[in-house]
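**Student:** Have a look at this one before I ask anything.
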Amino acid sequence: MKKALVCGAGGFIGGHMVKRLKSEGYWVRGVDIKEHEFCDLPADDFVVGDLRDPRVVESVVDEGMDEIYQFAADMGGAGYIFTGEHDAGVMHNSALCNLNVVEEAVRKKVGKIFYSSSACIYPERIQMDPDNPGLKEEFAYPAGPDSEYGWEKLFSERLYLAYQRNYGLEVHIARFHNIFGPEGTWTGGKEKAPAAMCRKVAEIEDGGTIEMWGDGEQTRSFLFIDECIEGVRRLMESNFSGPVNIGSDEMISINSLALMAADIAGKKIHINHIQGPIGVRGRNSENSMIEKELGWRPQQPLRVGMEKTYAWIDDQVKERQ
Ligand code: NAD
């Protein structure tokens with residue numbers, strides 16, 4: 001039986017990965033600084049521990065473990081990443097997790113490791129156009145991310161690749177583009193745009209008004225969680241290291257995203273545009289590399305994932321009321 005460690009298993013993507021690996025017959029240990037908020041994880045072992053502490057990392061990585069999935073990071077949506085207030089913590093906390101995990105993976109001769117990077121590593125200067133044709137992997141350099149979160153991700157990509165070069169660790173890296181779906185953060189300031197739009201629409205009556213940061217013409221693409229997990233598993237089974245984009249290339253403005261949530265809910269809404277952190281103007285995934293290397297690319301329409309996500313968030317809102 002294959003043995004895997006999922007770091008950040010108490011979070012959104014890590015929690016879904018635990019379920020996927022269990023369904024494939026793995027023995028799975030999860031580790032996170034907190035329990036999962038939204039579900040009972042089927043992990044064989046779950047450790048509440050801080051990966052910034054090398055002693056914790058030493059205790060959760062077993063000798064010769066087959067796979068590690070490293071999702072732990074200090075992160076959140078635009079309200080967390082772009083205000084500047086959390087910059088030092090974001091860099092310090094995430095870098096420490098990565099430094100500790102990669103070192104221990106080599107020491108314990110782990111079979112292979114997955115690292116979750118982000119579209120936030122791409123230079124700000126090539127994302128000023130809302131009609132962005134897509135971010136190819138090679139556009140990462142010369143570097144110029146728009147947030148310290150992005151700089152830490154770029155540093156850690158290089159860290160894992162250096163360990164692969166110098167110590168022979170098998171490394172696989174994906175740059176996620178806005179992953180969304182049920183059992184993710186949907187309120188409290190760390191939620192991302194799809195969850196925020198679903199919550200805002202779920203909270204109002206038909207004909208009500210939602211607030212939105214900026215003019216809403218900024219564009220993004222959003223990938224449903226199931227396709228993200230599928231992409232990661234395929235990447236781990238391949239002999240390709242990456243970094244490779246795992247994202248949708250169906251780009252949409254935030255205004256249209258809100259209207260899609262409203263349409264799913266069967267509500268008419270008004271949008272009140274207010275000042276707030278918005279990040280780059282246009283961002284889209286470019287998927288020719290994943291197609292070439294893995295013979296696979298995400299294809300599910302955004303609407304399908306938004307319907308599932310809206311239903312889940314609507315339930316959360318009702319439960320809280
Ligand atoms: P998440 O916040 O739900 O999960 C991250 C988990 O890491 C959290 O449960 C958190 O408690 C845990 N963590 C943070 N610091 C820790 C520490 N010191 N020790 C132990 N655990 C710690 O986020 P997510 O959306 O599941 O993202 C997973 C990974 O994917 C992150 O590395 C993130 O940067 C990356 N990513 C996500 C997206 C996205 O759209 N969700 C996009 C790009 C990249």
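If you're wondering about the labels, chains in the structure tokens are A, B, ... by order shown, residues count from 1 in each chain, ligands from 1 in order shown.
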Please identify all protein, DNA and RNA residues within 7 Å of ligand 1, counting only C-alpha atoms and all ligand atoms, and report them as a compact mmCIF listing (two decimals) with all heavy atoms, in the first residue's frame.

**Tutor:**
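Output file result.txt is given in full below:
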```
# COMPACT_ATOMS: atom_id res chain seq x y z
N CYS A 7 0.44 17.76 3.41
CA CYS A 7 0.70 18.93 4.27
C CYS A 7 -0.34 20.01 3.91
O CYS A 7 -0.51 20.33 2.73
CB CYS A 7 2.09 19.48 4.03
SG CYS A 7 3.40 18.29 4.29
N GLY A 8 -0.99 20.55 4.93
CA GLY A 8 -2.08 21.49 4.67
C GLY A 8 -3.39 20.75 4.46
O GLY A 8 -4.30 21.23 3.78
N ALA A 9 -3.50 19.54 5.06
CA ALA A 9 -4.68 18.69 4.87
C ALA A 9 -5.93 19.28 5.51
O ALA A 9 -7.05 18.90 5.17
CB ALA A 9 -4.41 17.29 5.44
N GLY A 10 -5.75 20.20 6.44
CA GLY A 10 -6.91 20.85 7.06
C GLY A 10 -7.46 21.98 6.22
O GLY A 10 -8.44 22.63 6.58
N GLY A 11 -6.85 22.22 5.07
CA GLY A 11 -7.29 23.29 4.18
C GLY A 11 -8.12 22.76 3.02
O GLY A 11 -8.44 21.56 2.95
N PHE A 12 -8.42 23.65 2.12
CA PHE A 12 -9.33 23.36 1.00
C PHE A 12 -8.78 22.28 0.07
O PHE A 12 -9.34 21.17 -0.05
CB PHE A 12 -9.59 24.68 0.27
CG PHE A 12 -10.30 24.56 -1.04
CD1 PHE A 12 -11.46 23.80 -1.16
CD2 PHE A 12 -9.82 25.24 -2.16
CE1 PHE A 12 -12.12 23.71 -2.39
CE2 PHE A 12 -10.48 25.16 -3.37
CZ PHE A 12 -11.62 24.39 -3.49
N ILE A 13 -7.67 22.57 -0.61
CA ILE A 13 -7.17 21.64 -1.63
C ILE A 13 -6.60 20.38 -0.95
O ILE A 13 -6.83 19.25 -1.40
CB ILE A 13 -6.12 22.31 -2.53
CG1 ILE A 13 -6.74 23.56 -3.21
CG2 ILE A 13 -5.58 21.34 -3.58
CD1 ILE A 13 -5.77 24.39 -4.03
N GLY A 14 -5.89 20.57 0.16
CA GLY A 14 -5.32 19.43 0.89
C GLY A 14 -6.40 18.45 1.34
O GLY A 14 -6.22 17.23 1.25
N VAL A 31 -1.43 16.55 7.80
CA VAL A 31 -0.90 17.43 8.85
C VAL A 31 -1.33 18.86 8.55
O VAL A 31 -1.36 19.27 7.39
CB VAL A 31 0.65 17.30 8.99
CG1 VAL A 31 1.35 17.58 7.68
CG2 VAL A 31 1.19 18.24 10.07
N ASP A 32 -1.71 19.56 9.60
CA ASP A 32 -2.11 20.96 9.45
C ASP A 32 -2.06 21.61 10.82
O ASP A 32 -2.14 20.93 11.85
CB ASP A 32 -3.54 21.06 8.89
CG ASP A 32 -3.82 22.40 8.21
OD1 ASP A 32 -3.80 23.45 8.91
OD2 ASP A 32 -4.06 22.42 6.99
N ILE A 33 -1.97 22.92 10.82
CA ILE A 33 -1.95 23.67 12.08
C ILE A 33 -3.35 23.69 12.71
O ILE A 33 -3.51 24.01 13.89
CB ILE A 33 -1.41 25.09 11.79
CG1 ILE A 33 -0.78 25.72 13.02
CG2 ILE A 33 -2.45 25.98 11.16
CD1 ILE A 33 0.09 26.92 12.67
N LYS A 34 -4.34 23.30 11.91
CA LYS A 34 -5.72 23.26 12.42
C LYS A 34 -6.46 22.06 11.82
O LYS A 34 -6.05 21.52 10.79
CB LYS A 34 -6.45 24.56 12.04
CG LYS A 34 -6.59 24.74 10.53
CD LYS A 34 -7.57 25.83 10.20
CE LYS A 34 -7.74 26.09 8.72
NZ LYS A 34 -8.32 25.02 7.92
N HIS A 36 -9.70 20.32 9.84
CA HIS A 36 -10.51 20.78 8.71
C HIS A 36 -11.83 21.34 9.24
O HIS A 36 -12.45 20.75 10.12
CB HIS A 36 -10.78 19.61 7.76
CG HIS A 36 -11.13 20.04 6.38
ND1 HIS A 36 -12.30 20.68 6.08
CD2 HIS A 36 -10.45 19.95 5.21
CE1 HIS A 36 -12.33 20.95 4.79
NE2 HIS A 36 -11.21 20.51 4.23
N GLY A 49 -0.26 20.09 13.81
CA GLY A 49 1.12 20.52 14.10
C GLY A 49 1.54 21.65 13.18
O GLY A 49 0.95 21.84 12.11
N ASP A 50 2.56 22.37 13.62
CA ASP A 50 3.03 23.55 12.89
C ASP A 50 4.28 23.19 12.08
O ASP A 50 5.33 22.89 12.65
CB ASP A 50 3.35 24.65 13.92
CG ASP A 50 3.66 25.97 13.26
OD1 ASP A 50 4.01 25.99 12.07
OD2 ASP A 50 3.54 27.00 13.96
N LEU A 51 4.14 23.26 10.76
CA LEU A 51 5.24 22.85 9.88
C LEU A 51 6.40 23.85 9.88
O LEU A 51 7.44 23.60 9.28
CB LEU A 51 4.72 22.62 8.45
CG LEU A 51 3.73 21.46 8.30
CD1 LEU A 51 3.04 21.51 6.94
CD2 LEU A 51 4.44 20.12 8.47
N ARG A 52 6.22 24.99 10.55
CA ARG A 52 7.35 25.91 10.71
C ARG A 52 8.35 25.34 11.70
O ARG A 52 9.49 25.77 11.77
CB ARG A 52 6.86 27.28 11.22
CG ARG A 52 6.07 28.04 10.18
CD ARG A 52 5.44 29.28 10.76
NE ARG A 52 4.51 28.94 11.84
CZ ARG A 52 3.79 29.83 12.52
NH1 ARG A 52 3.87 31.11 12.22
NH2 ARG A 52 2.96 29.45 13.47
N PHE A 71 0.80 21.43 0.45
CA PHE A 71 -0.18 22.51 0.20
C PHE A 71 -0.16 23.57 1.29
O PHE A 71 -0.84 24.58 1.16
CB PHE A 71 -1.60 21.93 0.15
CG PHE A 71 -1.84 20.93 -0.94
CD1 PHE A 71 -2.03 19.59 -0.66
CD2 PHE A 71 -1.88 21.34 -2.27
CE1 PHE A 71 -2.26 18.66 -1.66
CE2 PHE A 71 -2.10 20.42 -3.29
CZ PHE A 71 -2.29 19.08 -2.98
N ALA A 72 0.58 23.33 2.38
CA ALA A 72 0.51 24.28 3.50
C ALA A 72 1.11 25.62 3.11
O ALA A 72 2.21 25.69 2.58
CB ALA A 72 1.25 23.70 4.71
N ALA A 73 0.37 26.69 3.36
CA ALA A 73 0.86 28.04 3.07
C ALA A 73 0.02 29.03 3.85
O ALA A 73 -1.15 28.75 4.17
CB ALA A 73 0.77 28.34 1.58
N ASP A 74 0.61 30.16 4.15
CA ASP A 74 -0.13 31.24 4.79
C ASP A 74 -0.72 32.06 3.65
O ASP A 74 0.00 32.80 2.98
CB ASP A 74 0.84 32.08 5.63
CG ASP A 74 0.12 33.11 6.48
OD1 ASP A 74 -1.13 33.16 6.43
OD2 ASP A 74 0.81 33.86 7.18
N MET A 75 -2.00 31.87 3.38
CA MET A 75 -2.57 32.51 2.18
C MET A 75 -4.02 32.90 2.37
O MET A 75 -4.65 32.54 3.35
CB MET A 75 -2.41 31.58 0.97
CG MET A 75 -3.09 30.23 1.08
SD MET A 75 -4.60 30.10 0.15
CE MET A 75 -4.07 30.39 -1.52
N GLY A 76 -4.54 33.64 1.39
CA GLY A 76 -5.93 34.05 1.41
C GLY A 76 -6.26 34.73 0.10
O GLY A 76 -5.45 34.70 -0.83
N ASN A 93 6.20 32.51 7.10
CA ASN A 93 5.50 31.27 7.45
C ASN A 93 5.58 30.24 6.33
O ASN A 93 5.90 29.07 6.56
CB ASN A 93 4.04 31.56 7.80
CG ASN A 93 3.92 32.44 9.03
OD1 ASN A 93 4.81 32.45 9.88
ND2 ASN A 93 2.84 33.20 9.13
N SER A 94 5.28 30.68 5.11
CA SER A 94 5.26 29.71 4.00
C SER A 94 6.67 29.23 3.68
O SER A 94 6.89 28.04 3.42
CB SER A 94 4.60 30.33 2.77
OG SER A 94 3.28 30.68 3.08
N CYS A 97 7.79 26.55 6.17
CA CYS A 97 7.16 25.25 5.88
C CYS A 97 7.90 24.55 4.75
O CYS A 97 8.24 23.37 4.85
CB CYS A 97 5.69 25.41 5.48
SG CYS A 97 4.61 26.02 6.78
N SER A 116 2.75 23.04 -4.47
CA SER A 116 1.70 23.88 -5.05
C SER A 116 2.15 25.32 -5.15
O SER A 116 2.15 26.05 -4.16
CB SER A 116 0.43 23.78 -4.20
OG SER A 116 0.72 23.99 -2.83
N SER A 117 2.55 25.72 -6.36
CA SER A 117 2.87 27.13 -6.62
C SER A 117 1.60 27.82 -7.14
O SER A 117 0.50 27.26 -7.03
CB SER A 117 4.02 27.22 -7.63
OG SER A 117 4.38 28.57 -7.84
N SER A 118 1.76 29.01 -7.67
CA SER A 118 0.58 29.83 -7.97
C SER A 118 0.78 30.69 -9.20
O SER A 118 1.91 31.09 -9.53
CB SER A 118 0.32 30.75 -6.76
OG SER A 118 -0.59 31.75 -7.10
N ALA A 119 -0.35 31.04 -9.84
CA ALA A 119 -0.32 32.01 -10.94
C ALA A 119 0.18 33.37 -10.46
O ALA A 119 0.58 34.21 -11.27
CB ALA A 119 -1.73 32.15 -11.53
N ARG A 175 1.51 25.40 -10.99
CA ARG A 175 1.08 26.76 -10.67
C ARG A 175 -0.44 26.80 -10.78
O ARG A 175 -0.99 26.79 -11.90
CB ARG A 175 1.71 27.77 -11.64
CG ARG A 175 3.21 27.83 -11.51
CD ARG A 175 3.84 28.71 -12.58
NE ARG A 175 5.29 28.74 -12.41
CZ ARG A 175 6.16 29.01 -13.39
NH1 ARG A 175 5.72 29.27 -14.61
NH2 ARG A 175 7.45 29.02 -13.14
N PHE A 176 -1.11 26.81 -9.64
CA PHE A 176 -2.57 26.80 -9.64
C PHE A 176 -3.11 28.19 -10.00
O PHE A 176 -2.59 29.21 -9.55
CB PHE A 176 -3.11 26.46 -8.24
CG PHE A 176 -2.84 25.05 -7.78
CD1 PHE A 176 -2.83 24.75 -6.42
CD2 PHE A 176 -2.65 24.01 -8.68
CE1 PHE A 176 -2.60 23.45 -5.97
CE2 PHE A 176 -2.42 22.70 -8.24
CZ PHE A 176 -2.40 22.43 -6.88
N HIS A 177 -4.19 28.17 -10.78
CA HIS A 177 -4.89 29.42 -11.13
C HIS A 177 -6.27 29.41 -10.48
O HIS A 177 -7.18 28.74 -10.98
CB HIS A 177 -5.06 29.54 -12.65
CG HIS A 177 -3.79 29.77 -13.41
ND1 HIS A 177 -3.57 30.89 -14.18
CD2 HIS A 177 -2.67 29.02 -13.52
CE1 HIS A 177 -2.38 30.82 -14.73
NE2 HIS A 177 -1.81 29.69 -14.35
N ASN A 178 -6.44 30.10 -9.37
CA ASN A 178 -7.75 30.28 -8.72
C ASN A 178 -8.60 29.01 -8.66
O ASN A 178 -9.50 28.81 -9.48
CB ASN A 178 -8.56 31.36 -9.45
CG ASN A 178 -7.93 32.72 -9.31
OD1 ASN A 178 -7.52 33.12 -8.24
ND2 ASN A 178 -7.84 33.42 -10.43
N ILE A 179 -8.31 28.19 -7.70
CA ILE A 179 -9.07 26.94 -7.53
C ILE A 179 -10.28 27.23 -6.64
O ILE A 179 -10.17 27.98 -5.66
CB ILE A 179 -8.19 25.86 -6.87
CG1 ILE A 179 -6.80 25.80 -7.53
CG2 ILE A 179 -8.88 24.51 -6.89
CD1 ILE A 179 -6.77 25.57 -9.02
N PHE A 180 -11.41 26.66 -6.96
CA PHE A 180 -12.61 26.93 -6.15
C PHE A 180 -13.46 25.67 -6.06
O PHE A 180 -13.27 24.72 -6.83
CB PHE A 180 -13.43 28.09 -6.76
CG PHE A 180 -14.21 27.69 -7.98
CD1 PHE A 180 -15.59 27.45 -7.89
CD2 PHE A 180 -13.60 27.53 -9.20
CE1 PHE A 180 -16.31 27.06 -9.01
CE2 PHE A 180 -14.31 27.14 -10.33
CZ PHE A 180 -15.68 26.91 -10.23
N GLY A 184 -14.31 24.95 0.84
CA GLY A 184 -13.22 25.94 0.89
C GLY A 184 -13.69 27.14 1.71
O GLY A 184 -14.88 27.29 1.98
N THR A 185 -12.74 28.00 2.05
CA THR A 185 -13.06 29.20 2.84
C THR A 185 -14.07 30.05 2.07
O THR A 185 -13.86 30.35 0.90
CB THR A 185 -11.77 30.00 3.10
OG1 THR A 185 -10.83 29.12 3.70
CG2 THR A 185 -12.02 31.19 3.99
```

**Student:** For Ile126 (chain A), which of A:Gly15, A:Gly64, A:Gly282, A:Gly77 is the closest residue, counting only C-alpha atoms?

**Tutor:** A:Gly282

**Student:** Using only C-alpha atoms, which protein or nucleic acid residues come within 8 Å of region 136-149 of chain A? Drop anything in the same chain fewer than 5 positions from it, and give the result as a PyMOL selection string.

**Tutor:** chain A and resi 75+81-82+87+90-91+120-125+243-245+279-280+285-287+289

**Student:** Find the residues around region 303-312 of chain A up to 6 Å (only C-alpha atoms counted), leave out those fewer than 4 positions away in its own chain, and share them as a VMD selection string.

**Tutor:** chain A and resid 181 to 182 198 224

**Student:** I'd like to know which of A:Ala195, A:Ser248, A:Leu294, A:Asp215 is closest to Ala261 (chain A), using only C-alpha atoms.

**Tutor:**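 The shortest atom-to-atom distance to Ala261 (chain A) comes from A:Ala195.
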
**Student:** Would you mind listing what lies within 7 Å of Arg281 (chain A) as a PyMOL selection string, with only C-alpha atoms counted and same-chain residues fewer than 5 positions away left out?

**Tutor:** chain A and resi 127-130+218-219

**Student:** Could you pull out the residues in region 172-235 of chain A that DSSP calls strand (DSSP E) from the backbone, as a list of chain:residue names?

**Tutor:**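 Assigned to strand (DSSP E), within region 172-235 of chain A: A:His172, A:Ile173, A:Ala174, A:Arg175, A:Phe176, A:Ile179, A:Phe180, A:Thr209, A:Ile210, A:Glu211, A:Met212, A:Trp213, A:Thr219, A:Arg220, A:Ser221, A:Leu223, A:Phe224.
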
**Student:** Step one, run DSSP on the backbone; step two, keep only residues of region 59-256 of chain A assigned to alpha helix (DSSP H); then write them as a PyMOL selection string.

**Tutor:** chain A and resi 59-60+78-81+87-107+148-167+193-203+225-237+254-256

**Student:** Skip region 208-213 of chain A itself and residues of its chain fewer than 2 positions away, then list as an MDAnalysis selection string all residues within 12 Å of it, counting only C-alpha atoms.

**Tutor:** chainID A and resid 78:79 193:194 196:206 215:218 253:259 261:262 267:279

**Student:** Go through A:Val101, A:Ile229, A:Met65, A:Ile313 and flag the residue nearest Thr187 (chain A), using only C-alpha atoms for the distances.

**Tutor:** A:Ile313

**Student:** Restricting the calculation to only C-alpha atoms: of A:Leu99, A:Leu235, A:Cys228, A:Val47, which residue gets closest to Ser59 (chain A)?

**Tutor:**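 Of all the options, A:Val47 lies closest to Ser59 (chain A).
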
**Student:** Give me, as number ranges by chain, all polymer residues having an atom no more than 12 Å from region 165-168 of chain A, counting only C-alpha atoms and skipping those fewer than 5 positions away in the same chain.

**Tutor:** A: 102-113, 158-160, 241

**Student:** Considering only C-alpha atoms, state which residue in the set A:Arg234, A:Arg29, A:Arg320, A:Lys153 is at the smallest distance from Lys2 (chain A).

**Tutor:**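 Nearest to Lys2 (chain A): A:Arg29.
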
**Student:** How many Å separate CA of Leu41 (chain A) from CA of Ala95 (chain A)?

**Tutor:**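 Going from CA of Leu41 (chain A) over to CA of Ala95 (chain A), I get 26.1 Å.
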
**Student:** Would you compute the distance between CA of Val56 (chain A) and CA of Gly84 (chain A)? Give it in Å to one decimal.

**Tutor:** 29.1 Å
